[in-house]
Amino acid sequence: MIYVILLTSILFSVAKAQDDQLSLGFRLQHSIHMYNEHGITIDYTPKKLLNDQLSFGATYVSTRFGSAINSNAILQDNILFHSTYVFSSSSLSPLIRLNAGYCFADYESSLFDDIDPTMPLLSIETGVRYAFDVPLNIQAGLGYNLITSDGSSGIGTVYPLFVQCTLLWSFSL
């Protein structure tokens, strides 16, 4: 959470162009055959960089707001920094995203002290964005984790495929 607050303050201080966009929203993510992870995301889109088709941001998703609610699912927190390229400025546009970050797991028992509680994340996503007439857009896509683990080294709950849906509300800076 501290990373998102820090990134927000950096983005506000860097934003100089009047038409730059800051988007805040929710991300719903499901690892295929594994956990639901939900959280928040922030995006910064500089208007003068590639005609507002490239954005940068950060996302925090966790099983704490998904599969771990009222269950024995492993508490897993993911902090991701991402760059997204939207292929056109039309209402319905294909997109591609590169994510890099870190995953933290809380096994809640000393029995699992031999298992790594952290691992780096690197993933690529492809999908679509639909921009409404109001400053709301929705992104949906399929992602692939380039770094996974079977639990012998790294967290065994990072599966290769995931789907996501992100709702973002945009503000002009």
# chains A, B, ... in the order shown; residues from 1 in each chain; ligands from 1
call {"tool": "residues_around", "arguments": {"residues": "Gly156 (chain A)", "least_positions_apart": "3", "cutoff": "10 Å", "atoms": "only C-alpha atoms", "output": "list in words"}}
result
Ala105, Ile115, Asp116, Pro117, Met119, Thr148, Ser149, Asp150, Gly151, Ser152, Ser153 and Tyr159 of chain A
call {"tool": "write_last_selection", "arguments": {"atoms": "N, CA, C and O atoms", "output": "tab-separated table (two decimals), in the first residue's frame"}}
result
chain	number	residue	atom	x	y	z
A	105	ALA	N	4.26	-14.11	0.17
A	105	ALA	CA	3.29	-15.06	0.72
A	105	ALA	C	3.46	-15.15	2.23
A	105	ALA	O	4.57	-15.10	2.76
A	115	ILE	N	10.02	-23.04	2.77
A	115	ILE	CA	9.52	-22.58	1.47
A	115	ILE	C	9.75	-21.09	1.36
A	115	ILE	O	9.48	-20.33	2.29
A	116	ASP	N	10.26	-20.67	0.21
A	116	ASP	CA	10.50	-19.24	-0.01
A	116	ASP	C	9.20	-18.45	0.11
A	116	ASP	O	8.21	-18.80	-0.54
A	117	PRO	N	9.20	-17.38	0.89
A	117	PRO	CA	7.99	-16.56	1.01
A	117	PRO	C	7.88	-15.44	-0.02
A	117	PRO	O	6.89	-14.73	-0.06
A	119	MET	N	9.08	-13.99	-4.21
A	119	MET	CA	9.66	-14.26	-5.53
A	119	MET	C	9.37	-13.10	-6.47
A	119	MET	O	8.36	-12.40	-6.31
A	148	THR	N	7.50	-18.65	-12.84
A	148	THR	CA	6.59	-19.42	-12.01
A	148	THR	C	7.42	-20.32	-11.09
A	148	THR	O	8.64	-20.32	-11.15
A	149	SER	N	6.74	-21.09	-10.26
A	149	SER	CA	7.45	-21.95	-9.32
A	149	SER	C	6.58	-23.13	-8.94
A	149	SER	O	5.36	-23.05	-8.95
A	150	ASP	N	7.24	-24.22	-8.58
A	150	ASP	CA	6.52	-25.39	-8.08
A	150	ASP	C	6.58	-25.46	-6.56
A	150	ASP	O	6.12	-26.43	-5.96
A	151	GLY	N	7.15	-24.46	-5.92
A	151	GLY	CA	7.25	-24.44	-4.46
A	151	GLY	C	8.60	-24.89	-3.94
A	151	GLY	O	8.93	-24.64	-2.79
A	152	SER	N	9.41	-25.57	-4.76
A	152	SER	CA	10.72	-25.99	-4.29
A	152	SER	C	11.66	-24.78	-4.17
A	152	SER	O	12.56	-24.75	-3.35
A	153	SER	N	11.47	-23.78	-5.02
A	153	SER	CA	12.13	-22.48	-4.88
A	153	SER	C	11.13	-21.46	-5.37
A	153	SER	O	10.56	-21.60	-6.45
A	159	TYR	N	0.90	-19.28	-10.76
A	159	TYR	CA	0.64	-20.12	-11.93
A	159	TYR	C	0.88	-19.31	-13.21
A	159	TYR	O	0.81	-18.09	-13.20
call {"tool": "select_by_dssp", "arguments": {"residues": "chain A", "states": "alpha helix (DSSP H)", "output": "list of chain:residue names"}}
result
A:Ile2, A:Tyr3, A:Val4, A:Ile5, A:Leu6, A:Leu7, A:Thr8, A:Ser9, A:Ile10, A:Leu11, A:Phe12, A:Ser13, A:Val14
call {"tool": "atom_distance", "arguments": {"atom1": "CA of Phe87 (chain A)", "atom2": "CA of Val128 (chain A)"}}
result
9.4 Å
call {"tool": "residues_around", "arguments": {"residues": "Leu75 (chain A)", "least_positions_apart": "2", "cutoff": "8 Å", "atoms": "only C-alpha atoms", "output": "list in words"}}
result
Ser62, Thr63, Arg64, Ala68, Ala73, Asp77, Ala105, Asp106 and Tyr107 of chain A
call {"tool": "atom_distance", "arguments": {"atom1": "CA of Leu173 (chain A)", "atom2": "CA of Ser88 (chain A)"}}
result
21.4 Å
call {"tool": "closest_residue", "arguments": {"among": "A:Gln21, A:Ser31, A:Thr126, A:Ser91", "to": "Lys48 (chain A)", "atoms": "only C-alpha atoms"}}
result
A:Gln21
call {"tool": "closest_atom_pairs", "arguments": {"of": "region 47-127 of chain A", "to": "region 134-140 of chain A", "cutoff": "12 Å", "atoms": "only C-alpha atoms", "output": "tab-separated table"}}
result
residue	atom	partner	partner_atom	distance
A:Thr84	CA	A:Gln139	CA	10.8
A:Tyr85	CA	A:Gln139	CA	12.0
A:Val86	CA	A:Gln139	CA	10.3
A:Ser90	CA	A:Asn137	CA	11.7
A:Ser91	CA	A:Asn137	CA	8.9
A:Leu92	CA	A:Asn137	CA	9.7
A:Ser93	CA	A:Gln139	CA	9.4
A:Pro94	CA	A:Gln139	CA	9.3
A:Leu95	CA	A:Gln139	CA	8.6
A:Ile96	CA	A:Gln139	CA	10.5
A:Arg97	CA	A:Gln139	CA	10.8
A:Glu125	CA	A:Ala140	CA	9.5
A:Thr126	CA	A:Ala140	CA	8.4
A:Gly127	CA	A:Ala140	CA	5.5
call {"tool": "atom_distance", "arguments": {"atom1": "CA of Gly143 (chain A)", "atom2": "CA of His38 (chain A)"}}
result
14.9 Å
call {"tool": "residues_around", "arguments": {"residues": "His33 (chain A)", "least_positions_apart": "5", "cutoff": "10 Å", "atoms": "only C-alpha atoms", "output": "list of chain:residue names"}}
result
A:Thr157, A:Tyr159, A:Pro160, A:Leu161, A:Phe162
call {"tool": "write_last_selection", "arguments": {"atoms": "N, CA, C and O atoms", "output": "mmCIF file, in the first residue's frame"}}
result
data_model
loop_
_atom_site.group_PDB
_atom_site.id
_atom_site.type_symbol
_atom_site.label_atom_id
_atom_site.label_comp_id
_atom_site.auth_asym_id
_atom_site.auth_seq_id
_atom_site.Cartn_x
_atom_site.Cartn_y
_atom_site.Cartn_z
ATOM 1 N N THR A 157 2.404 -20.851 -5.658
ATOM 2 C CA THR A 157 1.047 -20.465 -6.037
ATOM 3 C C THR A 157 1.012 -19.481 -7.203
ATOM 4 O O THR A 157 -0.047 -18.962 -7.537
ATOM 5 N N TYR A 159 0.899 -19.285 -10.760
ATOM 6 C CA TYR A 159 0.638 -20.117 -11.927
ATOM 7 C C TYR A 159 0.883 -19.313 -13.209
ATOM 8 O O TYR A 159 0.811 -18.087 -13.198
ATOM 9 N N PRO A 160 1.112 -20.005 -14.322
ATOM 10 C CA PRO A 160 1.454 -19.271 -15.560
ATOM 11 C C PRO A 160 0.341 -18.381 -16.107
ATOM 12 O O PRO A 160 0.582 -17.236 -16.430
ATOM 13 N N LEU A 161 -0.878 -18.877 -16.222
ATOM 14 C CA LEU A 161 -1.947 -18.117 -16.878
ATOM 15 C C LEU A 161 -2.860 -17.425 -15.879
ATOM 16 O O LEU A 161 -3.221 -17.998 -14.845
ATOM 17 N N PHE A 162 -3.262 -16.209 -16.227
ATOM 18 C CA PHE A 162 -4.252 -15.502 -15.425
ATOM 19 C C PHE A 162 -5.109 -14.635 -16.341
ATOM 20 O O PHE A 162 -4.715 -14.284 -17.445
#
call {"tool": "residues_around", "arguments": {"residues": "Gly101 (chain A)", "least_positions_apart": "5", "cutoff": "7 Å", "atoms": "only C-alpha atoms", "output": "PDB file with all heavy atoms, in the first residue's frame"}}
result
ATOM      1  N   ILE A  79       2.850  -6.883  -5.733  1.00  0.00           N
ATOM      2  CA  ILE A  79       3.070  -5.489  -6.066  1.00  0.00           C
ATOM      3  C   ILE A  79       3.702  -5.465  -7.453  1.00  0.00           C
ATOM      4  O   ILE A  79       4.753  -6.071  -7.667  1.00  0.00           O
ATOM      5  CB  ILE A  79       3.976  -4.798  -5.039  1.00  0.00           C
ATOM      6  CG1 ILE A  79       3.286  -4.799  -3.680  1.00  0.00           C
ATOM      7  CG2 ILE A  79       4.308  -3.376  -5.481  1.00  0.00           C
ATOM      8  CD1 ILE A  79       4.148  -4.325  -2.553  1.00  0.00           C
ATOM      9  N   LEU A  80       3.025  -4.807  -8.382  1.00  0.00           N
ATOM     10  CA  LEU A  80       3.459  -4.794  -9.776  1.00  0.00           C
ATOM     11  C   LEU A  80       3.601  -3.364 -10.285  1.00  0.00           C
ATOM     12  O   LEU A  80       2.775  -2.501  -9.970  1.00  0.00           O
ATOM     13  CB  LEU A  80       2.438  -5.510 -10.666  1.00  0.00           C
ATOM     14  CG  LEU A  80       2.179  -6.974 -10.382  1.00  0.00           C
ATOM     15  CD1 LEU A  80       0.924  -7.435 -11.088  1.00  0.00           C
ATOM     16  CD2 LEU A  80       3.378  -7.784 -10.828  1.00  0.00           C
ATOM     17  N   PHE A  81       4.625  -3.132 -11.068  1.00  0.00           N
ATOM     18  CA  PHE A  81       4.766  -1.907 -11.824  1.00  0.00           C
ATOM     19  C   PHE A  81       4.562  -2.288 -13.283  1.00  0.00           C
ATOM     20  O   PHE A  81       5.041  -3.333 -13.716  1.00  0.00           O
ATOM     21  CB  PHE A  81       6.144  -1.281 -11.591  1.00  0.00           C
ATOM     22  CG  PHE A  81       6.325  -0.853 -10.169  1.00  0.00           C
ATOM     23  CD1 PHE A  81       7.002  -1.661  -9.266  1.00  0.00           C
ATOM     24  CD2 PHE A  81       5.801   0.352  -9.721  1.00  0.00           C
ATOM     25  CE1 PHE A  81       7.146  -1.288  -7.951  1.00  0.00           C
ATOM     26  CE2 PHE A  81       5.938   0.729  -8.403  1.00  0.00           C
ATOM     27  CZ  PHE A  81       6.615  -0.084  -7.513  1.00  0.00           C
ATOM     28  N   PRO A 120      10.250 -12.896  -7.449  1.00  0.00           N
ATOM     29  CA  PRO A 120       9.989 -11.833  -8.429  1.00  0.00           C
ATOM     30  C   PRO A 120       8.885 -12.249  -9.391  1.00  0.00           C
ATOM     31  O   PRO A 120       8.643 -13.439  -9.606  1.00  0.00           O
ATOM     32  CB  PRO A 120      11.327 -11.686  -9.157  1.00  0.00           C
ATOM     33  CG  PRO A 120      12.010 -12.990  -8.977  1.00  0.00           C
ATOM     34  CD  PRO A 120      11.532 -13.549  -7.663  1.00  0.00           C
ATOM     35  N   LEU A 121       8.226 -11.264  -9.950  1.00  0.00           N
ATOM     36  CA  LEU A 121       7.175 -11.490 -10.939  1.00  0.00           C
ATOM     37  C   LEU A 121       7.528 -10.757 -12.227  1.00  0.00           C
ATOM     38  O   LEU A 121       8.021  -9.634 -12.202  1.00  0.00           O
ATOM     39  CB  LEU A 121       5.832 -10.967 -10.439  1.00  0.00           C
ATOM     40  CG  LEU A 121       5.236 -11.639  -9.211  1.00  0.00           C
ATOM     41  CD1 LEU A 121       4.007 -10.870  -8.739  1.00  0.00           C
ATOM     42  CD2 LEU A 121       4.886 -13.077  -9.503  1.00  0.00           C
ATOM     43  N   LEU A 122       7.272 -11.399 -13.329  1.00  0.00           N
ATOM     44  CA  LEU A 122       7.414 -10.801 -14.645  1.00  0.00           C
ATOM     45  C   LEU A 122       6.333 -11.421 -15.519  1.00  0.00           C
ATOM     46  O   LEU A 122       6.267 -12.637 -15.646  1.00  0.00           O
ATOM     47  CB  LEU A 122       8.809 -11.072 -15.232  1.00  0.00           C
ATOM     48  CG  LEU A 122       9.108 -10.449 -16.588  1.00  0.00           C
ATOM     49  CD1 LEU A 122       9.074  -8.926 -16.505  1.00  0.00           C
ATOM     50  CD2 LEU A 122      10.463 -10.918 -17.090  1.00  0.00           C
TER      51      LEU A 122
END
call {"tool": "closest_residue", "arguments": {"among": "A:Ser89, A:Ser23, A:Asn70, A:Asn36", "to": "Ala58 (chain A)", "atoms": "only C-alpha atoms"}}
result
A:Ser23
call {"tool": "residues_around", "arguments": {"residues": "Lys47 (chain A)", "least_positions_apart": "3", "cutoff": "7 Å", "atoms": "only C-alpha atoms", "output": "compact mmCIF listing (two decimals) with N, CA, C and O atoms, in the first residue's frame"}}
result
# COMPACT_ATOMS: atom_id res chain seq x y z
N ASP A 19 -3.12 18.13 -19.91
CA ASP A 19 -4.01 17.08 -20.36
C ASP A 19 -3.56 15.67 -19.97
O ASP A 19 -4.11 14.70 -20.46
N ASP A 20 -2.56 15.54 -19.15
CA ASP A 20 -2.15 14.22 -18.70
C ASP A 20 -3.29 13.59 -17.90
O ASP A 20 -4.14 14.29 -17.35
N ASN A 51 1.08 10.04 -28.17
CA ASN A 51 -0.31 10.43 -28.38
C ASN A 51 -1.26 9.77 -27.39
O ASN A 51 -2.29 9.24 -27.77
N ASP A 52 -0.91 9.73 -26.15
CA ASP A 52 -1.66 9.18 -25.01
C ASP A 52 -1.97 7.69 -25.12
O ASP A 52 -2.92 7.19 -24.55
call {"tool": "residues_around", "arguments": {"residues": "Leu98 (chain A)", "least_positions_apart": "6", "cutoff": "6 Å", "atoms": "only C-alpha atoms", "output": "list in words"}}
result
His82, Ser83 and Ile124 of chain A
call {"tool": "write_last_selection", "arguments": {"atoms": "N, CA, C and O atoms", "output": "tab-separated table (two decimals), in the first residue's frame"}}
result
chain	number	residue	atom	x	y	z
A	82	HIS	N	3.81	-1.48	-14.01
A	82	HIS	CA	3.47	-1.88	-15.37
A	82	HIS	C	3.56	-0.72	-16.36
A	82	HIS	O	3.52	0.44	-15.98
A	83	SER	N	3.67	-1.13	-17.60
A	83	SER	CA	3.61	-0.21	-18.73
A	83	SER	C	2.61	-0.81	-19.71
A	83	SER	O	2.69	-1.99	-20.05
A	124	ILE	N	3.40	-10.76	-19.01
A	124	ILE	CA	2.94	-10.00	-20.17
A	124	ILE	C	1.44	-10.28	-20.32
A	124	ILE	O	0.98	-11.39	-20.04
call {"tool": "select_by_dssp", "arguments": {"residues": "region 21-154 of chain A", "states": "strand (DSSP E or B)", "output": "number ranges by chain"}}
result
A: 21-31, 36-45, 54-62, 75-86, 92-106, 118-131, 136-145
